[in-house]
Amino acid sequence: MFSCKFLRLSLINANHREQGSYIQSTMKISTFCKCVLVVVCMLLSPGLKAQEVKLTINATPWDLYNQLGSQRDVVTDLTLTGQINAADIGTIRDLPKLTKLNLAGVSLVAGGTFKVSMNLDISVVNNQVPDYMFFGMANLISVTLPNNVTSIGEQVFQDCTSLTQVVIPSTVKSIGIYSFGNCTSLPSVSLPSAITTLSDYLFWSCKGMTTVTIPSNLTSIGKGTFSVCTGLTQFVVPDANTVYSAIDGVLFNKAKTTLLTYPNSKSAVYTVPDGTTAIDSYAFESCSGLSSVTLPNSVTSLGEGAFYNCTALSNVNLGNSITSVGTNAFYNCNILPSIKIPNSVTSIGWNAFGVCRGLSSIDMGTGVTSIALYAFTYCTGLSTITIPASVTTIDEWAFSYCTGLVGIHCNAKTPPTTSSTAFSGVDKTTCKLYVPTGTSVKYKSATAWKDFKYINEEAVGISEIEASNIKIYTEQDVIIIDGADVGDEVAVYNVVGALLQKVKVTDNVTRIYVPKNQIYLIKITTKTFKVAL
């Protein structure tokens, strides 16, 4: 009995030992499998950093392809010395995993070509970075250019969307158009002091740039240089620069009289400083966050495309001194609901309000004489318009495809000269044309005007006569009369000629308080003005 019990215990202990051995073995296998699994996951996981492969090669022209050998498909960080030509640049462009490139010790020499597209072969001039050298290389993160290059061609880095660093040597004197175009990750570029000109669209769509420092020797900035730089908040200009200055981060000329470029992301609401006389061409182009702008009365010139494609712009005060609304001035400001054009304006330029689909109200003032080609094309939100008596010419397609128009009030006693296409897309069978009393016969025989089915005469209220020595303008909620003689009687009428109030002039400046968002006729002795508040 004892022996049987001992045997059972021995068997149990042996069994336990076997189970323990089995468990230990199982644990070892499990740990091994886990290690293998971790390694496999590390190798396969796309979210983990790829292995860097660094190479340094002393290059010989025409031979970089062979010198790289099997490393062509894996190299990520490449440093070159020696000489390379256009054929070697073609090899660099074909490296699929290249992210970092150091060419500081390289000389660029003539020889061969590289392809950018089927129909575009590029060659190299000694010591000059050729056009398109890195065009479209979306994997590039960092590039150091050769120490001895003197110029950088056109579109060299365009569409290098991962690029965050470019080292440009002090020997570079010029950089071509669009050279950094659409480098959306580039935070900044340190420009050599030898550069005096920034070419057209140089930093177009560099959306990662927040601050631009203007070099001390810079004397010229091209068209659209900082266009669509949606992250830009400020310009910094050293005092030593003799051409440019900055006011609160906005780029001006040295005299601070011309606003050159507004940083796209500076502020949604902006008041141009008093003393500014000109807004440069495309100064606010594509400022997609800008909602409101006020120009002082000192501004007399509004450049071409000044507010081009400002898609968030909903409020504009143009002051009372500008003389023209130029080409593309407000093109595609598609939520701008209304605009008051000062009486000082004599012309509305080509495409000035083109595709302003949200525009529902416009006061053209009393001084406009010409409305240019496509000036209001596709302003589909306009239901009625009033064309001032001063207008003599309306160019082709000026109001084309203003499909919401139901009424046109033309105050000119002589039909403005125009084209049959001026109102193309407007339903002339339902849109009514209103003309001054006694002029319907003229309009019914005039080109374009005669196409309207309904031509009705209406009293224009009071004839609009402008006095050369009297200025009338608005500030916030008041109409200001400047220059009238003491003792003159001022009468205020609504647009249908009903008298609202009369005052006597007692000083050089007279202020009249009336409800906002209306149009008034101001009669001073025998002279009458129209003003919108």
# chains A, B, ... in the order shown; residues from 1 in each chain; ligands from 1
$ residues_around --residues "Ala138 in chain A" --least-positions-apart "3" --cutoff "12 Å" --atoms "only C-alpha atoms" --output "PyMOL selection string"
chain A and resi 93-100+134-135+141-142+157-164+182-185
$ residues_around --residues "range 511-527 of chain A" --least-positions-apart "3" --cutoff "6 Å" --atoms "only C-alpha atoms" --output "list of chain:residue names"
A:Ile465, A:Val478, A:Ile479, A:Ile480, A:Glu489, A:Val490, A:Ala491, A:Val492, A:Tyr493, A:Asn494, A:Val495, A:Lys530, A:Val531, A:Ala532, A:Leu533
$ write_last_selection --atoms "all heavy atoms" --output "CSV table (one decimal), in the first residue's frame"
chain,number,residue,atom,x,y,z
A,465,ILE,N,-26.4,117.7,-61.2
A,465,ILE,CA,-25.4,118.6,-61.6
A,465,ILE,C,-24.3,118.7,-60.6
A,465,ILE,O,-24.5,118.8,-59.4
A,465,ILE,CB,-26.0,120.0,-61.8
A,465,ILE,CG1,-27.2,120.0,-62.7
A,465,ILE,CG2,-25.0,121.1,-62.3
A,465,ILE,CD1,-28.0,121.3,-62.7
A,478,VAL,N,-23.1,109.8,-41.4
A,478,VAL,CA,-23.4,111.3,-41.7
A,478,VAL,C,-23.0,111.6,-43.1
A,478,VAL,O,-22.0,111.1,-43.7
A,478,VAL,CB,-22.6,112.1,-40.7
A,478,VAL,CG1,-21.1,111.9,-40.8
A,478,VAL,CG2,-23.0,113.6,-40.8
A,479,ILE,N,-23.7,112.5,-43.7
A,479,ILE,CA,-23.4,113.1,-45.0
A,479,ILE,C,-22.7,114.4,-44.8
A,479,ILE,O,-23.2,115.3,-44.0
A,479,ILE,CB,-24.6,113.4,-45.9
A,479,ILE,CG1,-25.3,112.0,-46.2
A,479,ILE,CG2,-24.3,114.1,-47.2
A,479,ILE,CD1,-26.7,112.2,-46.9
A,480,ILE,N,-21.5,114.6,-45.4
A,480,ILE,CA,-20.7,115.8,-45.1
A,480,ILE,C,-20.6,116.6,-46.4
A,480,ILE,O,-20.3,116.1,-47.5
A,480,ILE,CB,-19.3,115.4,-44.7
A,480,ILE,CG1,-19.3,114.7,-43.3
A,480,ILE,CG2,-18.4,116.6,-44.6
A,480,ILE,CD1,-18.0,114.2,-42.8
A,489,GLU,N,-28.6,127.4,-48.9
A,489,GLU,CA,-29.6,126.5,-48.5
A,489,GLU,C,-29.4,125.1,-49.0
A,489,GLU,O,-29.2,125.0,-50.2
A,489,GLU,CB,-31.0,127.0,-48.9
A,489,GLU,CG,-32.2,126.2,-48.3
A,489,GLU,CD,-33.5,126.7,-48.7
A,489,GLU,OE1,-33.9,126.5,-49.8
A,489,GLU,OE2,-34.1,127.4,-47.8
A,490,VAL,N,-29.4,124.2,-48.1
A,490,VAL,CA,-29.2,122.8,-48.5
A,490,VAL,C,-30.5,122.0,-48.3
A,490,VAL,O,-31.1,122.1,-47.2
A,490,VAL,CB,-28.1,122.1,-47.6
A,490,VAL,CG1,-28.0,120.6,-48.0
A,490,VAL,CG2,-26.8,122.8,-47.8
A,491,ALA,N,-31.0,121.4,-49.4
A,491,ALA,CA,-32.2,120.6,-49.3
A,491,ALA,C,-31.9,119.2,-49.6
A,491,ALA,O,-31.1,118.8,-50.5
A,491,ALA,CB,-33.2,121.1,-50.4
A,492,VAL,N,-32.5,118.3,-48.8
A,492,VAL,CA,-32.3,116.8,-48.9
A,492,VAL,C,-33.6,116.2,-49.3
A,492,VAL,O,-34.6,116.3,-48.7
A,492,VAL,CB,-31.8,116.3,-47.5
A,492,VAL,CG1,-31.6,114.8,-47.6
A,492,VAL,CG2,-30.6,117.0,-47.0
A,493,TYR,N,-33.4,115.4,-50.4
A,493,TYR,CA,-34.6,114.7,-51.0
A,493,TYR,C,-34.3,113.2,-51.1
A,493,TYR,O,-33.1,112.8,-51.1
A,493,TYR,CB,-34.8,115.2,-52.5
A,493,TYR,CG,-35.1,116.7,-52.6
A,493,TYR,CD1,-34.1,117.6,-52.7
A,493,TYR,CD2,-36.5,117.1,-52.8
A,493,TYR,CE1,-34.4,119.0,-52.8
A,493,TYR,CE2,-36.8,118.4,-52.9
A,493,TYR,CZ,-35.7,119.4,-53.0
A,493,TYR,OH,-36.0,120.7,-53.1
A,494,ASN,N,-35.4,112.4,-51.1
A,494,ASN,CA,-35.2,111.0,-51.4
A,494,ASN,C,-35.1,110.8,-52.9
A,494,ASN,O,-35.2,111.8,-53.7
A,494,ASN,CB,-36.3,110.1,-50.8
A,494,ASN,CG,-37.7,110.4,-51.3
A,494,ASN,OD1,-37.8,111.0,-52.4
A,494,ASN,ND2,-38.7,110.0,-50.5
A,495,VAL,N,-35.0,109.6,-53.4
A,495,VAL,CA,-34.7,109.3,-54.8
A,495,VAL,C,-35.9,109.6,-55.7
A,495,VAL,O,-35.7,109.8,-56.9
A,495,VAL,CB,-34.2,107.9,-55.0
A,495,VAL,CG1,-32.9,107.6,-54.5
A,495,VAL,CG2,-35.2,106.9,-54.5
A,530,LYS,N,-26.1,113.3,-56.0
A,530,LYS,CA,-26.6,112.1,-55.5
A,530,LYS,C,-25.6,111.4,-54.6
A,530,LYS,O,-24.4,111.3,-54.9
A,530,LYS,CB,-27.0,111.1,-56.7
A,530,LYS,CG,-27.6,109.8,-56.2
A,530,LYS,CD,-27.7,108.8,-57.3
A,530,LYS,CE,-28.9,109.2,-58.2
A,530,LYS,NZ,-29.1,108.1,-59.2
A,531,VAL,N,-26.1,110.9,-53.5
A,531,VAL,CA,-25.1,110.3,-52.5
A,531,VAL,C,-25.8,109.2,-51.8
A,531,VAL,O,-27.0,109.2,-51.5
A,531,VAL,CB,-24.6,111.4,-51.5
A,531,VAL,CG1,-25.8,111.9,-50.7
A,531,VAL,CG2,-23.6,110.7,-50.6
A,532,ALA,N,-25.1,108.1,-51.6
A,532,ALA,CA,-25.6,106.9,-50.9
A,532,ALA,C,-25.0,106.8,-49.5
A,532,ALA,O,-23.7,107.0,-49.4
A,532,ALA,CB,-25.3,105.6,-51.7
A,533,LEU,N,-25.8,106.5,-48.6
A,533,LEU,CA,-25.3,106.4,-47.2
A,533,LEU,C,-25.5,105.0,-46.7
A,533,LEU,O,-26.6,104.5,-46.8
A,533,LEU,CB,-26.0,107.4,-46.3
A,533,LEU,CG,-25.5,107.5,-44.8
A,533,LEU,CD1,-24.1,107.9,-44.7
A,533,LEU,CD2,-26.5,108.4,-44.0
$ select_by_dssp --residues "range 292-489 of chain A" --states "strand (DSSP E or B)" --output "ChimeraX atom specification"
/A:292-294,301-302,315-317,324-325,338-340,347-348,361-363,370-371,384-387,393-394,407-410,417,432-436,454-458,465,471-475,478-482,489
$ closest_residue --among "A:Thr76, A:Thr261, A:Thr210, A:Ser117" --to "Leu101 in chain A" --atoms "only C-alpha atoms"
A:Thr76
$ closest_residue --among "A:Ser298, A:Asn217, A:Ser292, A:Thr414" --to "Ala278 in chain A" --atoms "only C-alpha atoms"
A:Ser298
$ atom_distance --atom1 "CA of Lys471 in chain A" --atom2 "CA of Gly497 in chain A"
21.0 Å
$ closest_residue --among "A:Asp121, A:Glu52, A:Asp274, A:Asp73" --to "Lys256 in chain A" --atoms "only C-alpha atoms"
A:Asp274
$ closest_residue --among "A:Asn102, A:Thr311, A:Cys410, A:Thr474" --to "Tyr443 in chain A" --atoms "only C-alpha atoms"
A:Cys410
$ select_by_dssp --residues "range 295-497 of chain A" --states "helix (DSSP H, G or I)" --output "ChimeraX atom specification"
/A:440-444,449-451
$ residues_around --residues "Asn309 in chain A" --least-positions-apart "3" --cutoff "9 Å" --atoms "only C-alpha atoms" --output "mmCIF file with C-alpha atoms, in the first residue's frame"
data_model
loop_
_atom_site.group_PDB
_atom_site.id
_atom_site.type_symbol
_atom_site.label_atom_id
_atom_site.label_comp_id
_atom_site.auth_asym_id
_atom_site.auth_seq_id
_atom_site.Cartn_x
_atom_site.Cartn_y
_atom_site.Cartn_z
ATOM 1 C CA PHE A 284 -4.748 91.989 -51.801
ATOM 2 C CA GLU A 285 -4.942 89.181 -54.371
ATOM 3 C CA SER A 286 -6.435 85.920 -53.041
ATOM 4 C CA CYS A 287 -6.539 87.132 -49.424
ATOM 5 C CA SER A 288 -9.118 84.463 -48.694
ATOM 6 C CA GLY A 305 -6.578 93.285 -59.614
ATOM 7 C CA ALA A 312 -14.399 86.244 -48.158
ATOM 8 C CA LEU A 313 -14.639 89.990 -48.776
ATOM 9 C CA ASN A 328 -9.987 92.754 -62.361
ATOM 10 C CA PHE A 330 -12.857 92.861 -57.529
ATOM 11 C CA TYR A 331 -12.952 89.824 -59.801
ATOM 12 C CA ASN A 332 -14.480 86.764 -58.068
ATOM 13 C CA CYS A 333 -15.202 88.579 -54.801
ATOM 14 C CA ASN A 334 -18.208 86.328 -54.859
#
$ residues_around --residues "Ser390 in chain A" --least-positions-apart "3" --cutoff "12 Å" --atoms "only C-alpha atoms" --output "ChimeraX atom specification"
/A:343-347,364-371,386-387,393-394,410-416,463-466
$ atom_distance --atom1 "CA of Tyr401 in chain A" --atom2 "CA of Tyr378 in chain A"
4.9 Å
$ closest_residue --among "A:Ser281, A:Thr437, A:Thr429, A:Ser205" --to "Phe452 in chain A" --atoms "only C-alpha atoms"
A:Thr429
$ atom_distance --atom1 "CA of Thr327 in chain A" --atom2 "CA of Thr277 in chain A"
18.4 Å
$ closest_residue --among "A:Asn85, A:Thr257, A:Ser151, A:Thr528" --to "Ile279 in chain A" --atoms "only C-alpha atoms"
A:Thr257
